[in-house]
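Student: Structure file work-v8.txt, compact mmCIF, N, CA and C atoms, is pasted below:
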```
# COMPACT_ATOMS: atom_id res chain seq x y z
N MET A 212 92.95 79.03 92.45
CA MET A 212 92.52 80.35 92.86
C MET A 212 93.05 81.34 91.82
N SER A 213 92.18 82.25 91.39
CA SER A 213 92.58 83.21 90.37
C SER A 213 93.44 84.33 90.98
N THR A 214 94.06 85.08 90.10
CA THR A 214 94.91 86.19 90.54
C THR A 214 94.12 87.24 91.30
N ILE A 215 92.92 87.57 90.82
CA ILE A 215 92.13 88.60 91.51
C ILE A 215 91.72 88.10 92.89
N GLU A 216 91.42 86.82 93.03
CA GLU A 216 91.07 86.29 94.35
C GLU A 216 92.25 86.38 95.31
N LYS A 217 93.45 86.12 94.82
CA LYS A 217 94.64 86.26 95.66
C LYS A 217 94.86 87.70 96.07
N ARG A 218 94.64 88.63 95.13
CA ARG A 218 94.80 90.05 95.46
C ARG A 218 93.76 90.50 96.47
N ILE A 219 92.54 90.01 96.33
CA ILE A 219 91.47 90.36 97.28
C ILE A 219 91.82 89.84 98.67
N GLN A 220 92.29 88.61 98.77
CA GLN A 220 92.68 88.06 100.07
C GLN A 220 93.81 88.87 100.69
N LYS A 221 94.77 89.24 99.89
CA LYS A 221 95.90 90.05 100.38
C LYS A 221 95.41 91.41 100.86
N PHE A 222 94.50 92.04 100.10
CA PHE A 222 93.99 93.37 100.42
C PHE A 222 93.20 93.38 101.72
N TYR A 223 92.45 92.32 102.00
CA TYR A 223 91.59 92.29 103.18
C TYR A 223 92.21 91.58 104.38
N ARG A 224 93.51 91.28 104.32
CA ARG A 224 94.18 90.69 105.49
C ARG A 224 94.16 91.67 106.65
N THR A 225 94.23 91.12 107.86
CA THR A 225 94.33 91.93 109.06
C THR A 225 95.61 91.54 109.76
N PRO A 226 96.42 92.44 110.20
CA PRO A 226 96.35 93.90 110.05
C PRO A 226 96.58 94.32 108.60
N VAL A 227 96.35 95.59 108.35
CA VAL A 227 96.47 96.12 106.99
C VAL A 227 97.86 95.83 106.45
N PRO A 228 97.95 95.16 105.30
CA PRO A 228 99.26 94.83 104.76
C PRO A 228 99.99 96.06 104.24
N ASN A 229 101.31 96.04 104.35
CA ASN A 229 102.09 97.18 103.85
C ASN A 229 102.85 96.80 102.58
N ASP A 230 102.43 95.71 101.93
CA ASP A 230 103.09 95.29 100.70
C ASP A 230 102.13 95.29 99.50
N ILE A 231 101.14 96.17 99.54
CA ILE A 231 100.19 96.32 98.43
C ILE A 231 100.84 97.21 97.37
N THR A 232 100.92 96.72 96.15
CA THR A 232 101.50 97.51 95.07
C THR A 232 100.41 98.26 94.33
N PHE A 233 100.84 99.22 93.50
CA PHE A 233 99.87 99.97 92.73
C PHE A 233 99.15 99.06 91.74
N GLU A 234 99.83 98.05 91.22
CA GLU A 234 99.20 97.11 90.30
C GLU A 234 98.07 96.34 90.98
N ASP A 235 98.27 96.00 92.26
CA ASP A 235 97.21 95.34 93.03
C ASP A 235 95.99 96.25 93.15
N VAL A 236 96.22 97.51 93.49
CA VAL A 236 95.12 98.46 93.66
C VAL A 236 94.42 98.71 92.34
N GLU A 237 95.18 98.81 91.27
CA GLU A 237 94.60 99.03 89.95
C GLU A 237 93.66 97.87 89.57
N ALA A 238 94.09 96.64 89.81
CA ALA A 238 93.27 95.47 89.50
C ALA A 238 92.01 95.44 90.37
N LEU A 239 92.17 95.75 91.66
CA LEU A 239 91.02 95.75 92.57
C LEU A 239 90.04 96.87 92.23
N ALA A 240 90.54 98.03 91.86
CA ALA A 240 89.68 99.15 91.49
C ALA A 240 88.83 98.78 90.28
N ALA A 241 89.44 98.17 89.28
CA ALA A 241 88.70 97.75 88.10
C ALA A 241 87.66 96.69 88.46
N TYR A 242 88.03 95.77 89.34
CA TYR A 242 87.12 94.71 89.77
C TYR A 242 85.89 95.28 90.48
N TYR A 243 86.09 96.31 91.29
CA TYR A 243 84.99 96.92 92.04
C TYR A 243 84.33 98.08 91.32
N GLY A 244 84.67 98.32 90.05
CA GLY A 244 83.98 99.33 89.25
C GLY A 244 84.49 100.74 89.41
N CYS A 245 85.72 100.91 89.84
CA CYS A 245 86.32 102.24 89.99
C CYS A 245 87.35 102.45 88.88
N LEU A 246 87.71 103.71 88.67
CA LEU A 246 88.70 104.07 87.67
C LEU A 246 89.95 104.61 88.34
N ILE A 247 91.06 104.58 87.63
CA ILE A 247 92.30 105.18 88.10
C ILE A 247 92.58 106.39 87.25
N ARG A 248 92.77 107.53 87.88
CA ARG A 248 93.10 108.78 87.18
C ARG A 248 94.45 109.27 87.65
N THR A 249 95.18 109.90 86.76
CA THR A 249 96.45 110.49 87.16
C THR A 249 96.18 111.88 87.70
N GLY A 250 97.01 112.29 88.67
CA GLY A 250 96.76 113.57 89.30
C GLY A 250 98.01 114.37 89.55
N GLY A 251 99.05 114.15 88.82
CA GLY A 251 100.29 114.89 89.04
C GLY A 251 101.48 113.98 88.86
N ASN A 252 102.63 114.44 89.29
CA ASN A 252 103.86 113.69 89.09
C ASN A 252 103.87 112.37 89.86
N HIS A 253 103.50 112.40 91.13
CA HIS A 253 103.59 111.21 91.96
C HIS A 253 102.26 110.89 92.62
N SER A 254 101.18 111.06 91.89
CA SER A 254 99.88 110.84 92.49
C SER A 254 98.93 110.22 91.48
N LYS A 255 98.14 109.32 91.96
CA LYS A 255 97.05 108.74 91.18
C LYS A 255 95.83 108.79 92.08
N LYS A 256 94.66 108.62 91.49
CA LYS A 256 93.42 108.68 92.26
C LYS A 256 92.54 107.51 91.87
N VAL A 257 91.90 106.91 92.86
CA VAL A 257 90.86 105.92 92.61
C VAL A 257 89.56 106.71 92.62
N VAL A 258 88.82 106.61 91.53
CA VAL A 258 87.61 107.42 91.36
C VAL A 258 86.42 106.51 91.09
N HIS A 259 85.35 106.75 91.83
CA HIS A 259 84.07 106.11 91.53
C HIS A 259 83.15 107.22 91.07
N ILE A 260 82.88 107.24 89.77
CA ILE A 260 82.18 108.37 89.15
C ILE A 260 80.74 108.50 89.65
N ALA A 261 80.03 107.40 89.78
CA ALA A 261 78.62 107.46 90.19
C ALA A 261 78.43 108.12 91.55
N SER A 262 79.31 107.82 92.50
CA SER A 262 79.17 108.38 93.84
C SER A 262 79.98 109.66 94.03
N GLY A 263 80.89 109.94 93.10
CA GLY A 263 81.73 111.13 93.21
C GLY A 263 82.87 110.98 94.20
N THR A 264 83.19 109.77 94.58
CA THR A 264 84.25 109.52 95.55
C THR A 264 85.61 109.52 94.87
N VAL A 265 86.56 110.22 95.48
CA VAL A 265 87.94 110.27 94.99
C VAL A 265 88.86 109.95 96.16
N ILE A 266 89.72 108.95 95.98
CA ILE A 266 90.69 108.59 97.00
C ILE A 266 92.08 108.76 96.41
N PRO A 267 92.85 109.71 96.91
CA PRO A 267 94.19 109.94 96.37
C PRO A 267 95.15 108.83 96.81
N LEU A 268 96.07 108.48 95.91
CA LEU A 268 97.08 107.47 96.21
C LEU A 268 98.45 108.01 95.81
N PRO A 269 99.15 108.68 96.70
CA PRO A 269 100.49 109.14 96.36
C PRO A 269 101.40 107.93 96.12
N ILE A 270 102.12 107.96 95.04
CA ILE A 270 102.99 106.85 94.67
C ILE A 270 104.44 107.28 94.87
N HIS A 271 105.08 106.70 95.86
CA HIS A 271 106.49 106.95 96.13
C HIS A 271 107.14 105.60 96.36
N GLY A 272 107.70 105.05 95.32
CA GLY A 272 108.28 103.72 95.44
C GLY A 272 107.33 102.67 94.94
N LYS A 273 107.59 101.43 95.32
CA LYS A 273 106.85 100.29 94.81
C LYS A 273 105.52 100.06 95.51
N TYR A 274 105.44 100.40 96.80
CA TYR A 274 104.26 100.06 97.59
C TYR A 274 103.45 101.29 97.96
N ILE A 275 102.17 101.04 98.23
CA ILE A 275 101.25 102.09 98.68
C ILE A 275 101.21 102.03 100.20
N LYS A 276 101.23 103.20 100.84
CA LYS A 276 101.25 103.27 102.30
C LYS A 276 99.97 102.68 102.90
N GLU A 277 100.11 102.16 104.12
CA GLU A 277 99.00 101.52 104.83
C GLU A 277 97.78 102.43 104.96
N ALA A 278 98.00 103.70 105.23
CA ALA A 278 96.88 104.63 105.44
C ALA A 278 95.98 104.71 104.21
N TYR A 279 96.55 104.68 103.03
CA TYR A 279 95.78 104.77 101.80
C TYR A 279 95.08 103.45 101.49
N VAL A 280 95.72 102.35 101.83
CA VAL A 280 95.07 101.04 101.68
C VAL A 280 93.87 100.97 102.61
N ARG A 281 94.05 101.44 103.85
CA ARG A 281 92.96 101.44 104.83
C ARG A 281 91.81 102.33 104.36
N GLU A 282 92.12 103.49 103.80
CA GLU A 282 91.08 104.41 103.32
C GLU A 282 90.28 103.78 102.18
N LEU A 283 90.97 103.13 101.25
CA LEU A 283 90.30 102.47 100.13
C LEU A 283 89.44 101.31 100.64
N LYS A 284 89.98 100.54 101.57
CA LYS A 284 89.23 99.42 102.15
C LYS A 284 87.97 99.91 102.85
N ASN A 285 88.09 100.98 103.63
CA ASN A 285 86.92 101.54 104.33
C ASN A 285 85.87 102.03 103.35
N TYR A 286 86.29 102.65 102.26
CA TYR A 286 85.33 103.11 101.24
C TYR A 286 84.58 101.92 100.65
N LEU A 287 85.30 100.87 100.29
CA LEU A 287 84.65 99.71 99.69
C LEU A 287 83.67 99.05 100.65
N ILE A 288 83.99 99.03 101.93
CA ILE A 288 83.08 98.46 102.92
C ILE A 288 81.84 99.34 103.08
N ARG A 289 82.04 100.66 103.22
CA ARG A 289 80.92 101.59 103.39
C ARG A 289 79.98 101.60 102.19
N SER A 290 80.55 101.51 101.00
CA SER A 290 79.73 101.62 99.79
C SER A 290 79.00 100.32 99.45
N GLY A 291 79.34 99.25 100.15
CA GLY A 291 78.71 97.97 99.87
C GLY A 291 79.22 97.31 98.60
N ARG A 292 80.38 97.72 98.13
CA ARG A 292 80.94 97.19 96.90
C ARG A 292 81.67 95.87 97.09
N ILE A 293 81.86 95.46 98.31
CA ILE A 293 82.60 94.23 98.55
C ILE A 293 81.79 93.05 98.06
N ARG A 294 82.41 92.24 97.21
CA ARG A 294 81.77 91.05 96.68
C ARG A 294 82.42 89.80 97.26
N TYR A 295 83.33 89.97 98.16
CA TYR A 295 84.14 88.87 98.65
C TYR A 295 84.04 88.80 100.17
N GLU A 296 83.73 87.64 100.67
CA GLU A 296 83.68 87.43 102.12
C GLU A 296 84.94 86.71 102.56
N ILE A 297 85.54 87.18 103.62
CA ILE A 297 86.79 86.60 104.12
C ILE A 297 86.47 85.42 105.01
```
Take the structure in this file and express it as structure tokens.

Tutor:
Amino acid sequence: MSTIEKRIQKFYRTPVPNDITFEDVEALAAYYGCLIRTGGNHSKKVVHIASGTVIPLPIHGKYIKEAYVRELKNYLIRSGRIRYEI
């Protein structure tokens, strides 16, 4: 199993995992065609330029909070960008 497949499985676990790192999100964003933009001292954004969607990801420590993981997951489901079936 490749690294991206492991990250995808971790990202789509239920309940929402609280051990998702920014590196995981960065790899998943690239895989699903999104970009990462910086937005200040402790903030990054996942941006999908074609749809104009911006999801802020405040970075405080090693892990991203569950609420932001859930928001990103919901966007990927709504947009039909999911290429992976659990």

Student: So how far away is atom N of Met212 (chain A) from CA of Leu287 (chain A), in Å?

Tutor: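 CA of Leu287 (chain A) sits 23.4 Å away from atom N of Met212 (chain A).
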
Student: Give me the residues within 12 Å of Tyr286 (chain A) as a list of chain:residue names, counting only C-alpha atoms and dropping any in the same chain fewer than 3 places off.

Tutor: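 Selected residues are A:Ala240, A:Tyr243, A:Cys245, A:Val257, A:Val258, A:His259, A:Ser262, A:Gly263, A:Thr264, A:Val265, A:Ile266, A:Tyr279, A:Val280, A:Arg281, A:Glu282, A:Leu283, A:Arg289, A:Ser290, A:Gly291, A:Arg292, A:Ile293.
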
Student: From the list A:Asn229, A:Asn285, A:Leu268, A:Tyr223, which residue is nearest Ser254 (chain A) when using all atoms listed in the file?

Tutor: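 Of the candidates, the smallest distance to Ser254 (chain A) is held by A:Leu268.
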
Student: So that I can check the surroundings of Gly272 (chain A), please list as an MDAnalysis selection string every protein, DNA and RNA residue that reaches within 8 Å of it, counting only N, CA and C atoms and ignoring chain neighbours fewer than 3 positions away.

Tutor: chainID A and resid 232:233 269 275

Student: From chain A, collect each residue whose DSSP state is alpha helix (DSSP H) and return the set as a PyMOL selection string.

Tutor: chain A and resi 214-222+233-242+277-290

Student: How would the residues just picked look written out with N, CA and C atoms as a short mmCIF file (atom, residue, chain, number, x, y, z; two decimals), keeping the file's coordinate frame?

Tutor:
```
data_model
loop_
_atom_site.label_atom_id
_atom_site.label_comp_id
_atom_site.auth_asym_id
_atom_site.auth_seq_id
_atom_site.Cartn_x
_atom_site.Cartn_y
_atom_site.Cartn_z
N THR A 214 94.06 85.08 90.10
CA THR A 214 94.91 86.19 90.54
C THR A 214 94.12 87.24 91.30
N ILE A 215 92.92 87.57 90.82
CA ILE A 215 92.13 88.60 91.51
C ILE A 215 91.72 88.10 92.89
N GLU A 216 91.42 86.82 93.03
CA GLU A 216 91.07 86.29 94.35
C GLU A 216 92.25 86.38 95.31
N LYS A 217 93.45 86.12 94.82
CA LYS A 217 94.64 86.26 95.66
C LYS A 217 94.86 87.70 96.07
N ARG A 218 94.64 88.63 95.13
CA ARG A 218 94.80 90.05 95.46
C ARG A 218 93.76 90.50 96.47
N ILE A 219 92.54 90.01 96.33
CA ILE A 219 91.47 90.36 97.28
C ILE A 219 91.82 89.84 98.67
N GLN A 220 92.29 88.61 98.77
CA GLN A 220 92.68 88.06 100.07
C GLN A 220 93.81 88.87 100.69
N LYS A 221 94.77 89.24 99.89
CA LYS A 221 95.90 90.05 100.38
C LYS A 221 95.41 91.41 100.86
N PHE A 222 94.50 92.04 100.10
CA PHE A 222 93.99 93.37 100.42
C PHE A 222 93.20 93.38 101.72
N PHE A 233 100.84 99.22 93.50
CA PHE A 233 99.87 99.97 92.73
C PHE A 233 99.15 99.06 91.74
N GLU A 234 99.83 98.05 91.22
CA GLU A 234 99.20 97.11 90.30
C GLU A 234 98.07 96.34 90.98
N ASP A 235 98.27 96.00 92.26
CA ASP A 235 97.21 95.34 93.03
C ASP A 235 95.99 96.25 93.15
N VAL A 236 96.22 97.51 93.49
CA VAL A 236 95.12 98.46 93.66
C VAL A 236 94.42 98.71 92.34
N GLU A 237 95.18 98.81 91.27
CA GLU A 237 94.60 99.03 89.95
C GLU A 237 93.66 97.87 89.57
N ALA A 238 94.09 96.64 89.81
CA ALA A 238 93.27 95.47 89.50
C ALA A 238 92.01 95.44 90.37
N LEU A 239 92.17 95.75 91.66
CA LEU A 239 91.02 95.75 92.57
C LEU A 239 90.04 96.87 92.23
N ALA A 240 90.54 98.03 91.86
CA ALA A 240 89.68 99.15 91.49
C ALA A 240 88.83 98.78 90.28
N ALA A 241 89.44 98.17 89.28
CA ALA A 241 88.70 97.75 88.10
C ALA A 241 87.66 96.69 88.46
N TYR A 242 88.03 95.77 89.34
CA TYR A 242 87.12 94.71 89.77
C TYR A 242 85.89 95.28 90.48
N GLU A 277 100.11 102.16 104.12
CA GLU A 277 99.00 101.52 104.83
C GLU A 277 97.78 102.43 104.96
N ALA A 278 98.00 103.70 105.23
CA ALA A 278 96.88 104.63 105.44
C ALA A 278 95.98 104.71 104.21
N TYR A 279 96.55 104.68 103.03
CA TYR A 279 95.78 104.77 101.80
C TYR A 279 95.08 103.45 101.49
N VAL A 280 95.72 102.35 101.83
CA VAL A 280 95.07 101.04 101.68
C VAL A 280 93.87 100.97 102.61
N ARG A 281 94.05 101.44 103.85
CA ARG A 281 92.96 101.44 104.83
C ARG A 281 91.81 102.33 104.36
N GLU A 282 92.12 103.49 103.80
CA GLU A 282 91.08 104.41 103.32
C GLU A 282 90.28 103.78 102.18
N LEU A 283 90.97 103.13 101.25
CA LEU A 283 90.30 102.47 100.13
C LEU A 283 89.44 101.31 100.64
N LYS A 284 89.98 100.54 101.57
CA LYS A 284 89.23 99.42 102.15
C LYS A 284 87.97 99.91 102.85
N ASN A 285 88.09 100.98 103.63
CA ASN A 285 86.92 101.54 104.33
C ASN A 285 85.87 102.03 103.35
N TYR A 286 86.29 102.65 102.26
CA TYR A 286 85.33 103.11 101.24
C TYR A 286 84.58 101.92 100.65
N LEU A 287 85.30 100.87 100.29
CA LEU A 287 84.65 99.71 99.69
C LEU A 287 83.67 99.05 100.65
N ILE A 288 83.99 99.03 101.93
CA ILE A 288 83.08 98.46 102.92
C ILE A 288 81.84 99.34 103.08
N ARG A 289 82.04 100.66 103.22
CA ARG A 289 80.92 101.59 103.39
C ARG A 289 79.98 101.60 102.19
N SER A 290 80.55 101.51 101.00
CA SER A 290 79.73 101.62 99.79
C SER A 290 79.00 100.32 99.45
#
```

Student: Using Å and a single decimal, report how far atom C of Lys255 (chain A) sits from atom C of Ile270 (chain A).

Tutor: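 Going from atom C of Ile270 (chain A) over to atom C of Lys255 (chain A) covers 9.2 Å.
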
Student: Could you give me, as a list in words, each residue of chain A that DSSP assigns to strand (DSSP E) when run on this structure's backbone?

Tutor: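 The strand (DSSP E) residues within chain A come out as Leu246, Ile247, Arg248, Thr249, Ser254, Lys255, Lys256, Val257, Val258, His259, Thr264, Val265, Ile266, Pro267, Leu268 and Pro269 of chain A.
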
Student: Atom C of Lys256 (chain A) and atom N of Glu237 (chain A), how far apart in Å?

Tutor: 9.1 Å

Student: Between A:Tyr274, A:Ile231, A:Pro267, A:Ala261, which one has atoms that come closest to Arg248 (chain A), using only C-alpha atoms?

Tutor: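 Nearest to Arg248 (chain A): A:Pro267.
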